[in-house]
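Enquirer: My structure is in final-v6.tsv, and what it holds is TSV, C-alpha atoms and all ligand atoms:
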```
chain	number	residue	atom	x	y	z
A	5	MET	CA	31.61	71.52	125.75
A	6	LYS	CA	35.02	70.97	124.14
A	7	ASP	CA	36.84	74.21	123.36
A	8	ARG	CA	37.11	74.13	119.58
A	9	THR	CA	38.64	77.59	119.12
A	10	LEU	CA	41.21	77.16	116.35
A	11	LEU	CA	44.80	78.19	117.03
A	12	MET	CA	45.59	79.94	113.74
A	13	ILE	CA	48.73	81.88	114.66
A	14	PRO	CA	52.02	81.32	112.82
A	15	GLY	CA	53.17	78.77	115.43
A	16	PRO	CA	52.41	77.06	117.66
A	17	ILE	CA	49.53	75.63	115.67
A	18	GLU	CA	46.89	72.91	116.00
A	19	PHE	CA	48.56	69.52	116.34
A	20	GLU	CA	47.43	66.04	115.31
A	21	PRO	CA	46.02	63.80	118.10
A	22	ASP	CA	48.59	61.04	117.41
A	23	VAL	CA	51.42	63.52	117.85
A	24	LEU	CA	50.00	64.75	121.16
A	25	ALA	CA	49.43	61.15	122.29
A	26	ALA	CA	53.12	60.36	121.65
A	27	LEU	CA	54.06	63.39	123.73
A	28	GLY	CA	51.96	62.09	126.62
A	29	ALA	CA	53.32	58.53	126.57
A	30	PRO	CA	55.46	57.43	129.55
A	31	THR	CA	58.99	58.85	129.37
A	32	THR	CA	61.76	56.33	128.81
A	33	SER	CA	65.50	56.63	129.44
A	34	HIS	CA	67.35	58.54	126.75
A	35	VAL	CA	69.63	55.50	126.40
A	36	ALA	CA	66.85	52.87	126.39
A	37	ALA	CA	66.86	50.72	123.25
A	38	ASP	CA	63.33	51.78	122.25
A	39	PHE	CA	64.20	55.49	122.51
A	40	ILE	CA	67.49	55.04	120.63
A	41	GLU	CA	65.44	53.50	117.81
A	42	VAL	CA	62.91	56.37	117.88
A	43	PHE	CA	65.61	59.08	117.85
A	44	GLY	CA	67.58	57.24	115.15
A	45	GLN	CA	64.46	57.09	112.97
A	46	ALA	CA	63.59	60.73	113.67
A	47	LEU	CA	67.04	61.83	112.47
A	48	GLU	CA	66.72	59.79	109.27
A	49	LYS	CA	63.26	61.21	108.61
A	50	THR	CA	64.45	64.76	109.36
A	51	ARG	CA	67.00	64.40	106.55
A	52	LYS	CA	64.17	63.26	104.23
A	53	VAL	CA	61.82	66.11	105.17
A	54	PHE	CA	64.58	68.65	104.46
A	55	LEU	CA	65.07	66.86	101.10
A	56	SER	CA	68.73	66.39	101.90
A	57	ASP	CA	70.61	63.35	100.55
A	58	ASP	CA	73.73	63.64	102.64
A	59	GLY	CA	73.17	66.34	105.28
A	60	GLN	CA	73.85	65.90	108.97
A	61	PRO	CA	70.74	66.47	111.10
A	62	PHE	CA	70.97	67.93	114.60
A	63	VAL	CA	67.84	67.81	116.76
A	64	LEU	CA	68.32	69.79	119.97
A	65	ALA	CA	66.10	70.82	122.86
A	66	GLY	CA	65.33	74.48	122.25
A	67	SER	CA	63.33	76.84	120.07
A	68	GLY	CA	63.92	78.13	116.57
A	69	THR	CA	66.26	80.80	117.88
A	70	LEU	CA	68.55	78.05	119.19
A	71	ALA	CA	68.52	76.51	115.70
A	72	MET	CA	69.66	79.89	114.29
A	73	ASP	CA	72.26	80.24	117.05
A	74	THR	CA	73.61	76.73	116.42
A	75	ALA	CA	73.90	77.26	112.67
A	76	VAL	CA	75.80	80.52	113.06
A	77	ALA	CA	77.98	79.59	116.06
A	78	ASN	CA	79.44	76.56	114.30
A	79	VAL	CA	80.47	78.13	111.00
A	80	ILE	CA	81.30	81.71	111.98
A	81	GLU	CA	84.66	82.76	113.42
A	82	PRO	CA	85.38	86.28	114.64
A	83	GLY	CA	86.08	88.62	111.73
A	84	ASP	CA	84.22	86.53	109.10
A	85	ARG	CA	82.07	88.46	106.68
A	86	ALA	CA	78.36	87.63	106.34
A	87	LEU	CA	75.67	88.87	103.97
A	88	VAL	CA	72.09	89.00	105.28
A	89	VAL	CA	69.29	88.95	102.71
A	90	ASN	CA	66.98	90.94	104.93
A	91	THR	CA	63.20	90.62	104.73
A	92	GLY	CA	62.22	91.60	108.26
A	93	PHE	CA	62.36	90.97	112.00
A	94	PHE	CA	63.83	87.46	111.80
A	95	SER	CA	66.51	88.50	109.30
A	96	ASP	CA	67.46	91.23	111.81
A	97	ARG	CA	67.64	88.53	114.49
A	98	MET	CA	69.96	86.45	112.29
A	99	ALA	CA	72.18	89.50	111.87
A	100	ALA	CA	72.25	90.05	115.64
A	101	ILE	CA	73.33	86.43	116.17
A	102	LEU	CA	76.02	86.72	113.48
A	103	GLU	CA	77.36	89.86	115.16
A	104	ARG	CA	77.31	88.19	118.57
A	105	TYR	CA	79.71	85.56	117.19
A	106	GLY	CA	82.00	88.23	115.76
A	107	ALA	CA	80.90	88.38	112.12
A	108	GLN	CA	81.02	91.60	110.11
A	109	VAL	CA	77.54	91.86	108.68
A	110	THR	CA	76.35	93.50	105.46
A	111	HIS	CA	72.61	93.73	104.78
A	112	VAL	CA	70.79	93.72	101.45
A	113	LYS	CA	67.52	95.10	102.62
A	114	ALA	CA	64.15	95.80	101.01
A	115	PRO	CA	61.40	98.09	102.29
A	116	VAL	CA	58.95	96.42	104.71
A	117	GLY	CA	56.88	93.90	102.73
A	118	GLY	CA	59.42	93.75	99.94
A	119	ARG	CA	62.39	91.52	99.25
A	120	PRO	CA	65.78	92.29	97.71
A	121	SER	CA	65.95	91.40	94.03
A	122	ILE	CA	68.30	88.67	92.83
A	123	GLY	CA	70.26	91.41	91.03
A	124	GLU	CA	70.72	93.41	94.25
A	125	VAL	CA	71.97	90.32	96.07
A	126	GLU	CA	74.38	89.52	93.25
A	127	THR	CA	75.75	93.07	93.31
A	128	ALA	CA	76.42	92.71	97.04
A	129	LEU	CA	78.09	89.32	96.55
A	130	LYS	CA	80.32	90.77	93.84
A	131	ALA	CA	81.40	93.68	96.02
A	132	ASP	CA	83.04	91.59	98.76
A	133	HIS	CA	83.91	88.03	99.74
A	134	PHE	CA	81.38	86.62	102.18
A	135	LYS	CA	81.87	83.39	104.08
A	136	VAL	CA	78.15	83.09	104.73
A	137	MET	CA	74.92	84.37	103.21
A	138	THR	CA	71.73	84.07	105.26
A	139	ILE	CA	68.23	83.85	103.82
A	140	THR	CA	64.96	83.94	105.74
A	141	HIS	CA	62.74	81.65	103.68
A	142	VAL	CA	59.53	83.07	105.13
A	143	ASP	CA	59.90	86.07	107.42
A	144	THR	CA	57.05	85.60	109.87
A	145	SER	CA	57.00	89.33	110.60
A	146	THR	CA	56.09	90.26	107.02
A	147	ALA	CA	54.76	87.00	105.47
A	148	VAL	CA	57.27	87.56	102.67
A	149	ILE	CA	58.74	84.47	101.00
A	150	THR	CA	62.15	84.58	99.33
A	151	ASP	CA	63.34	82.68	96.27
A	152	VAL	CA	65.68	80.30	98.11
A	153	LYS	CA	66.45	78.30	94.98
A	154	ALA	CA	67.86	81.31	93.11
A	155	LEU	CA	69.54	82.82	96.19
A	156	ALA	CA	71.27	79.58	97.24
A	157	ARG	CA	72.55	79.15	93.70
A	158	LEU	CA	74.04	82.66	93.82
A	159	ALA	CA	75.67	81.98	97.19
A	160	GLN	CA	77.22	78.82	95.80
A	161	GLN	CA	78.43	80.68	92.69
A	162	TYR	CA	80.18	83.32	94.83
A	163	GLY	CA	81.66	80.84	97.32
A	164	ALA	CA	79.46	81.69	100.31
A	165	LEU	CA	77.77	79.12	102.53
A	166	SER	CA	74.00	79.56	102.45
A	167	ILE	CA	72.12	79.41	105.75
A	168	VAL	CA	68.34	79.23	105.35
A	169	ASP	CA	66.07	80.12	108.26
A	170	GLY	CA	63.21	77.78	107.41
A	171	VAL	CA	61.41	78.14	110.75
A	172	CYS	CA	58.22	79.24	108.99
A	173	SER	CA	58.78	77.13	105.89
A	174	VAL	CA	60.25	73.63	106.35
A	175	ALA	CA	57.58	70.96	105.68
A	176	GLY	CA	55.22	73.62	104.31
A	177	GLU	CA	56.97	75.68	101.65
A	178	GLU	CA	59.02	74.01	98.93
A	179	LEU	CA	62.61	73.69	100.15
A	180	ARG	CA	64.96	71.20	98.52
A	181	MET	CA	68.25	71.23	100.37
A	182	SER	CA	70.35	68.99	98.14
A	183	GLU	CA	68.85	69.93	94.81
A	184	TRP	CA	69.17	73.66	95.56
A	185	ASP	CA	72.63	73.41	97.20
A	186	VAL	CA	71.50	74.85	100.52
A	187	ASP	CA	74.31	74.46	103.07
A	188	ILE	CA	72.42	74.80	106.34
A	189	ALA	CA	68.65	74.76	106.78
A	190	LEU	CA	66.92	75.02	110.12
A	191	THR	CA	63.52	75.03	111.70
A	192	ALA	CA	61.61	74.58	114.96
A	193	SER	CA	59.06	71.97	115.92
A	194	GLN	CA	56.03	74.20	116.50
A	195	LYS	CA	55.44	75.29	112.90
A	196	ALA	CA	54.89	73.11	109.81
A	197	ILE	CA	56.85	70.26	111.45
A	198	SER	CA	53.70	70.10	113.60
A	199	VAL	CA	55.05	69.18	117.05
A	200	PRO	CA	54.60	71.29	120.20
A	201	PRO	CA	57.33	73.92	120.85
A	202	GLY	CA	60.68	72.75	122.19
A	203	LEU	CA	62.79	71.26	119.39
A	204	ALA	CA	65.37	72.99	117.21
A	205	LEU	CA	66.13	71.16	113.96
A	206	VAL	CA	69.22	71.91	111.87
A	207	VAL	CA	70.56	70.06	108.82
A	208	ALA	CA	74.13	70.80	107.69
A	209	SER	CA	75.50	69.90	104.26
A	210	PRO	CA	78.90	68.18	103.94
A	211	ARG	CA	80.32	71.58	102.85
A	212	ALA	CA	78.99	73.23	106.03
A	213	LEU	CA	80.46	70.43	108.16
A	214	GLN	CA	83.79	70.84	106.37
A	215	THR	CA	83.74	74.56	107.19
A	216	PHE	CA	83.03	73.69	110.82
A	217	LYS	CA	85.82	71.11	110.89
A	218	SER	CA	88.38	73.51	109.46
A	219	ARG	CA	87.80	76.18	112.13
A	220	THR	CA	90.90	77.53	113.80
A	221	THR	CA	89.06	78.98	116.81
A	222	PRO	CA	86.69	77.25	119.24
A	223	VAL	CA	82.91	77.48	118.83
A	224	LEU	CA	81.85	80.27	121.17
A	225	SER	CA	78.67	78.57	122.42
A	226	TYR	CA	79.20	75.54	124.67
A	227	TYR	CA	75.69	74.11	124.23
A	228	SER	CA	75.50	74.65	120.46
A	229	ASP	CA	78.98	73.30	119.66
A	230	TRP	CA	78.79	70.54	117.04
A	231	THR	CA	81.98	69.09	118.58
A	232	ASN	CA	79.67	67.98	121.38
A	233	TRP	CA	76.63	67.04	119.30
A	234	LEU	CA	78.02	65.43	116.15
A	235	PRO	CA	79.07	62.18	117.91
A	236	ILE	CA	75.69	62.05	119.65
A	237	MET	CA	73.64	62.44	116.47
A	238	LYS	CA	75.83	59.89	114.68
A	239	ALA	CA	75.49	57.44	117.59
A	240	TYR	CA	71.68	57.62	117.59
A	241	GLU	CA	71.61	57.00	113.84
A	242	GLU	CA	73.91	54.02	114.39
A	243	ARG	CA	71.48	52.89	117.14
A	244	LYS	CA	74.12	53.22	119.88
A	245	PRO	CA	73.68	54.80	123.31
A	246	SER	CA	75.48	58.09	123.97
A	247	TYR	CA	75.11	61.22	126.04
A	248	PHE	CA	76.03	64.87	125.94
A	249	GLY	CA	72.88	66.70	127.10
A	250	THR	CA	69.60	64.96	127.87
A	251	PRO	CA	67.45	64.91	124.73
A	252	ALA	CA	63.80	65.99	124.94
A	253	VAL	CA	62.64	62.36	124.98
A	254	ASN	CA	58.87	62.93	124.70
A	255	LEU	CA	59.16	65.67	122.09
A	256	ILE	CA	61.41	63.45	119.98
A	257	ALA	CA	58.85	60.63	120.21
A	258	ALA	CA	56.21	63.11	119.02
A	259	LEU	CA	58.54	64.35	116.27
A	260	ASN	CA	58.98	60.80	115.01
A	261	VAL	CA	55.20	60.44	114.68
A	262	SER	CA	54.78	63.79	112.95
A	263	LEU	CA	57.64	63.16	110.50
A	264	ASP	CA	55.92	59.88	109.59
A	265	GLN	CA	52.71	61.76	108.87
A	266	ILE	CA	54.58	64.34	106.77
A	267	LEU	CA	56.38	61.68	104.74
A	268	LYS	CA	53.15	59.72	104.33
A	269	GLU	CA	51.43	62.77	102.87
A	270	GLY	CA	54.49	63.23	100.65
A	271	LEU	CA	56.44	66.46	100.40
A	272	ASP	CA	55.23	67.39	96.91
A	273	ALA	CA	51.60	66.92	98.00
A	274	ARG	CA	52.31	68.90	101.14
A	275	PHE	CA	53.86	71.83	99.27
A	276	LYS	CA	50.88	71.80	96.92
A	277	ARG	CA	48.40	71.75	99.82
A	278	HIS	CA	50.12	74.72	101.44
A	279	ARG	CA	50.03	76.62	98.14
A	280	ALA	CA	46.28	75.94	97.95
A	281	LEU	CA	45.76	77.06	101.56
A	282	GLY	CA	47.75	80.24	100.88
A	283	ALA	CA	45.78	80.91	97.70
A	284	ALA	CA	42.49	80.46	99.58
A	285	VAL	CA	43.46	82.98	102.28
A	286	GLN	CA	44.84	85.43	99.71
A	287	ALA	CA	41.60	85.24	97.70
A	288	ALA	CA	39.50	85.79	100.84
A	289	LEU	CA	41.49	88.83	101.97
A	290	LYS	CA	41.21	90.34	98.52
A	291	ALA	CA	37.45	89.73	98.42
A	292	LEU	CA	37.11	91.40	101.82
A	293	GLY	CA	39.05	94.41	100.58
A	294	LEU	CA	41.92	94.02	103.06
A	295	GLY	CA	45.41	95.12	102.09
A	296	GLN	CA	48.43	92.99	102.90
A	297	VAL	CA	51.99	93.51	104.10
A	298	PRO	CA	53.72	91.72	101.17
A	299	LEU	CA	54.08	94.38	98.49
A	300	GLU	CA	53.52	91.99	95.59
A	301	GLU	CA	51.36	88.88	95.23
A	302	GLU	CA	54.41	86.86	94.28
A	303	PHE	CA	56.06	87.74	97.63
A	304	ALA	CA	53.23	86.29	99.74
A	305	ALA	CA	54.08	83.13	101.72
A	306	HIS	CA	51.80	80.09	101.79
A	307	THR	CA	52.29	79.22	105.47
A	308	LEU	CA	50.96	82.49	106.88
A	309	SER	CA	49.29	85.71	105.73
A	310	ALA	CA	49.65	89.26	107.00
A	311	PRO	CA	46.50	91.34	106.31
A	312	ARG	CA	46.34	95.02	107.16
A	313	TYR	CA	43.53	96.30	109.39
A	314	PRO	CA	40.89	98.34	107.60
A	315	LYS	CA	41.11	102.08	108.36
A	316	GLY	CA	39.95	102.90	111.89
A	317	ILE	CA	40.03	99.28	113.16
A	318	THR	CA	42.75	98.19	115.59
A	319	GLN	CA	44.06	94.92	117.01
A	320	THR	CA	42.15	95.34	120.27
A	321	ASP	CA	38.93	95.96	118.29
A	322	LEU	CA	39.20	93.02	115.93
A	323	LEU	CA	41.22	90.09	117.27
A	324	PRO	CA	39.20	89.38	120.46
A	325	LYS	CA	36.02	89.36	118.35
A	326	VAL	CA	37.57	86.94	115.85
A	327	GLN	CA	38.68	84.73	118.74
A	328	LYS	CA	35.18	84.71	120.17
A	329	ALA	CA	33.93	83.68	116.75
A	330	GLY	CA	36.30	80.72	116.72
A	331	ALA	CA	39.88	81.54	115.62
A	332	ILE	CA	42.90	82.79	117.55
A	333	LEU	CA	45.02	85.07	115.36
A	334	ALA	CA	48.28	86.93	116.03
A	335	GLY	CA	48.98	90.65	116.08
A	336	GLY	CA	51.69	92.41	114.08
A	337	LEU	CA	55.38	91.86	114.82
A	338	HIS	CA	57.50	94.03	112.55
A	339	PRO	CA	58.45	97.06	114.69
A	340	GLU	CA	57.86	99.61	111.89
A	341	ILE	CA	54.25	98.55	111.25
A	342	ARG	CA	53.30	96.50	114.31
A	343	ALA	CA	49.93	98.15	114.92
A	344	GLU	CA	48.88	98.13	111.27
A	345	TYR	CA	48.38	94.43	110.55
A	346	PHE	CA	47.64	90.99	111.94
A	347	ARG	CA	48.80	87.49	111.09
A	348	ILE	CA	47.04	84.24	110.23
A	349	GLY	CA	48.99	80.97	110.32
A	350	HIS	CA	47.91	78.25	107.90
A	351	MET	CA	50.45	75.46	108.00
A	352	GLY	CA	50.96	71.87	109.07
A	353	PRO	CA	47.73	69.98	109.68
A	354	THR	CA	45.62	73.06	108.78
A	355	ASN	CA	42.95	72.01	106.25
A	356	SER	CA	40.47	73.82	104.04
A	357	GLY	CA	37.79	73.56	106.74
A	358	ASP	CA	40.05	75.34	109.24
A	359	VAL	CA	40.72	78.10	106.73
A	360	LEU	CA	37.02	78.53	105.92
A	361	ALA	CA	36.15	78.64	109.63
A	362	THR	CA	38.90	81.22	110.19
A	363	ILE	CA	37.78	83.44	107.32
A	364	GLY	CA	34.22	83.12	108.65
A	365	ALA	CA	35.41	84.23	112.10
A	366	ILE	CA	37.28	87.18	110.57
A	367	GLU	CA	34.09	88.19	108.75
A	368	VAL	CA	32.14	88.08	112.03
A	369	GLY	CA	34.80	90.23	113.71
A	370	LEU	CA	34.88	92.74	110.86
A	371	GLN	CA	31.11	92.99	110.85
A	372	GLN	CA	31.05	93.63	114.61
A	373	CYS	CA	33.66	96.38	114.10
A	374	GLY	CA	31.30	98.09	111.65
A	375	TYR	CA	33.39	97.40	108.55
A	376	ALA	CA	31.31	97.41	105.36
A	377	PHE	CA	31.64	94.39	103.07
A	378	THR	CA	29.48	91.73	101.46
A	379	SER	CA	28.86	89.09	104.09
A	380	GLY	CA	30.20	85.70	102.99
A	381	ALA	CA	32.40	87.16	100.24
A	382	GLY	CA	35.62	86.05	101.93
A	383	VAL	CA	34.42	82.50	102.57
A	384	ALA	CA	33.11	82.16	99.01
A	385	ALA	CA	36.38	83.42	97.53
A	386	ALA	CA	38.46	81.11	99.74
A	387	GLN	CA	36.32	78.14	98.78
A	388	ALA	CA	36.54	78.95	95.09
A	389	ALA	CA	40.31	79.40	95.22
A	390	TYR	CA	40.95	76.23	97.24
A	391	TYR	CA	38.79	74.02	95.06
A	392	ARG	CA	39.82	75.63	91.79
B	401	LIG	N1	62.74	82.53	112.41
B	401	LIG	C1	61.50	82.63	111.95
B	401	LIG	C2	61.27	82.85	110.49
B	401	LIG	C3	60.43	82.54	112.84
B	401	LIG	O1	59.19	82.64	112.41
B	401	LIG	C4	60.68	82.33	114.22
B	401	LIG	C5	59.55	82.23	115.22
B	401	LIG	N2	58.40	82.88	114.92
B	401	LIG	C6	62.00	82.23	114.63
B	401	LIG	C7	63.01	82.32	113.69
B	401	LIG	C8	62.35	82.03	116.06
B	401	LIG	O2	61.84	80.83	116.53
B	401	LIG	P1	61.47	80.63	118.07
B	401	LIG	O3	60.42	81.61	118.41
B	401	LIG	O4	60.99	79.21	118.12
B	401	LIG	O5	62.73	80.85	118.83
```
Could you quickly redo this structure as structure tokens?
Expert:
Amino acid sequence: MKDRTLLMIPGPIEFEPDVLAALGAPTTSHVAADFIEVFGQALEKTRKVFLSDDGQPFVLAGSGTLAMDTAVANVIEPGDRALVVNTGFFSDRMAAILERYGAQVTHVKAPVGGRPSIGEVETALKADHFKVMTITHVDTSTAVITDVKALARLAQQYGALSIVDGVCSVAGEELRMSEWDVDIALTASQKAISVPPGLALVVASPRALQTFKSRTTPVLSYYSDWTNWLPIMKAYEERKPSYFGTPAVNLIAALNVSLDQILKEGLDARFKRHRALGAAVQAALKALGLGQVPLEEEFAAHTLSAPRYPKGITQTDLLPKVQKAGAILAGGLHPEIRAEYFRIGHMGPTNSGDVLATIGAIEVGLQQCGYAFTSGAGVAAAQAAYYR
């Protein structure tokens, strides 16, 4: 029998058959005319999915961490000051990358599950001049979403470039690069972009490219250096052969298919669908009496959820039972609370049926752990919230 266990972690996720078929098609040369067309189209569609009018897309072989590394390496010079709006593990990672490239980093940090207020960020921006401000749109370690629109506006107002880690948000959560004046946004293929792991996607605004071009010191990463990649990305968009490092031909073919599907659904419809999926999971967790890592409802992301284990139940008790009942979930990640919660991804092609099956599997697991609740309450609440 086909293994139909759902992969419901916050990336990688379940992928569409057409995307997987493109990945399995025969590999062509990276300078073959048909691949140049595919890569050229994928770059144009990447710009559209990031809702950028005039940004420069870079699609590189690598994971989301490479996308973060690339963004930072190209705009930071040793001694630059950077402000990190810190909402968890991945904001800490951004800070570590900034420091690696010589930046002096200041954090505006909230307690675990919280997020700094706009006022706190503004106070920090007023206190110093920062070249860059980084924002984690959805920190996958806490399932906390930040208000990128308001934060990017503040960065712009105080003359800092905004870098948005959208690894757990792009093509799922609302992110409008041009309209919100975001300078650099980045993601990875294996999340809401809905392509197997292996691609790092970065879009840089003209202002970010200008900052890169006016550097007085070399970019300290050879592979990430836009000096190498900018002519390549431009050549593919102009449908011309070029080479710096071999592109991930099959993944880019799969990306082109997935971006088509995303644009066909339409970004507004997609944001709305993710909000509905998030609301369904939130309603189910509430009905089951489970606490959550985000400290306020408003902070909860729509691409993943982070429920706390009921008292006395641990990861090794619950998650294998849930998996047996049909859904693979992820354990905790934030070092301060790792053992206290688990994570459910609900992004990309995830539909209401997947969410209902997952909540059903969680109910089975909870029941087998001896947790007392009304059987079916989570599924009923999810259904009601989704179809409200
Ligand atoms: N940022 C965020 C918000 C993430 O969720 C992740 C991956 N979970 C990363 C960065 C790093 O991406 P990768 O694991 O693909 O390197």
Enquirer: As an exercise, work out the distance from atom CA of Pro82 of chain A to atom CA of Asp151 of chain A in Å and give it to one decimal place.
Expert: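 It comes out at 28.9 Å.
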Enquirer: Give the padded box for ligand LIG 401 (chain B) as lines of an AutoDock Vina configuration file: axis-aligned, covering all atoms listed in the file, 6 Å on each side, centre and edge lengths in Å to one decimal.
Expert:
```
center_x = 60.7
center_y = 81.0
center_z = 114.7
size_x = 16.6
size_y = 15.7
size_z = 20.3
```
Enquirer: Once you count only C-alpha atoms, what closest atom pair and distance in Å to one decimal does each residue of segment 184-221 of chain A within 10 Å of segment 264-271 of chain A have, with rows by chain and rising residue number, as JSON lines?
Expert:
```
{"residue": "A:Ala196", "atom": "CA", "partner": "A:Ile266", "partner_atom": "CA", "distance": 9.3}
{"residue": "A:Ile197", "atom": "CA", "partner": "A:Ile266", "partner_atom": "CA", "distance": 7.9}
{"residue": "A:Ser198", "atom": "CA", "partner": "A:Ile266", "partner_atom": "CA", "distance": 9.0}
```
Enquirer: Of the candidates A:Leu337, A:Val261, A:Val35, A:Ile80, which one gets nearest to ligand LIG 401 (chain B) if we count all atoms listed in the file?
Expert: A:Leu337
Enquirer: Which of these, A:Glu178, A:Asp96, A:Glu41, A:Glu48, has the shortest distance to Arg277 of chain A once you count all atoms listed in the file?
Expert: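 So, comparing all the options, the nearest one is A:Glu178.
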Enquirer: Check which residues of chain A sit at most 9 Å from ligand LIG 401 (chain B) using only C-alpha atoms and all ligand atoms, and return one row each with the closest pair of atoms and their distance in Å to one decimal, ordered by chain and rising number, as a Markdown table.
Expert:
```
| residue | atom | partner | partner_atom | distance |
| --- | --- | --- | --- | --- |
| A:Pro14 | CA | B:LIG401 | N2 | 6.9 |
| A:Gly15 | CA | B:LIG401 | N2 | 6.7 |
| A:Pro16 | CA | B:LIG401 | N2 | 8.8 |
| A:Gly66 | CA | B:LIG401 | O4 | 7.6 |
| A:Ser67 | CA | B:LIG401 | O4 | 3.9 |
| A:Gly68 | CA | B:LIG401 | O2 | 3.4 |
| A:Thr69 | CA | B:LIG401 | O5 | 3.7 |
| A:Leu70 | CA | B:LIG401 | O5 | 6.5 |
| A:Ala71 | CA | B:LIG401 | O5 | 7.9 |
| A:Met72 | CA | B:LIG401 | C7 | 7.1 |
| A:Phe93 | CA | B:LIG401 | C2 | 8.3 |
| A:Phe94 | CA | B:LIG401 | N1 | 5.1 |
| A:Ser95 | CA | B:LIG401 | N1 | 7.7 |
| A:Arg97 | CA | B:LIG401 | C7 | 7.8 |
| A:Met98 | CA | B:LIG401 | C7 | 8.2 |
| A:Thr140 | CA | B:LIG401 | C2 | 6.1 |
| A:His141 | CA | B:LIG401 | C2 | 7.1 |
| A:Val142 | CA | B:LIG401 | C2 | 5.6 |
| A:Asp143 | CA | B:LIG401 | C2 | 4.7 |
| A:Thr144 | CA | B:LIG401 | O1 | 4.4 |
| A:Ser145 | CA | B:LIG401 | O1 | 7.3 |
| A:Asp169 | CA | B:LIG401 | N1 | 5.8 |
| A:Gly170 | CA | B:LIG401 | C2 | 6.2 |
| A:Val171 | CA | B:LIG401 | C1 | 4.6 |
| A:Cys172 | CA | B:LIG401 | O1 | 4.9 |
| A:Ser173 | CA | B:LIG401 | C2 | 7.8 |
| A:Leu190 | CA | B:LIG401 | N1 | 8.9 |
| A:Thr191 | CA | B:LIG401 | N1 | 7.6 |
| A:Ala192 | CA | B:LIG401 | O4 | 5.6 |
| A:Ser193 | CA | B:LIG401 | O4 | 7.8 |
| A:Gln194 | CA | B:LIG401 | O4 | 7.2 |
| A:Lys195 | CA | B:LIG401 | O1 | 8.3 |
| A:Pro201 | CA | B:LIG401 | O4 | 7.0 |
| A:Gly202 | CA | B:LIG401 | O4 | 7.6 |
| A:Leu203 | CA | B:LIG401 | O4 | 8.2 |
| A:Ala204 | CA | B:LIG401 | O4 | 7.7 |
```
Enquirer: Counting all atoms listed in the file, what is within 7 Å of Ser166 of chain A, bar same-chain residues fewer than 5 positions away, as a list in words?
Expert: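 My list of contacting residues is Val136, Met137, Thr138, Ala156, Ala159, Val186, Asp187 and Ile188 of chain A.
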Enquirer: Would you work out the distance separating atom CA of Thr150 of chain A from atom CA of Gln296 of chain A, expressed in Å to one decimal?
Expert: 16.5 Å
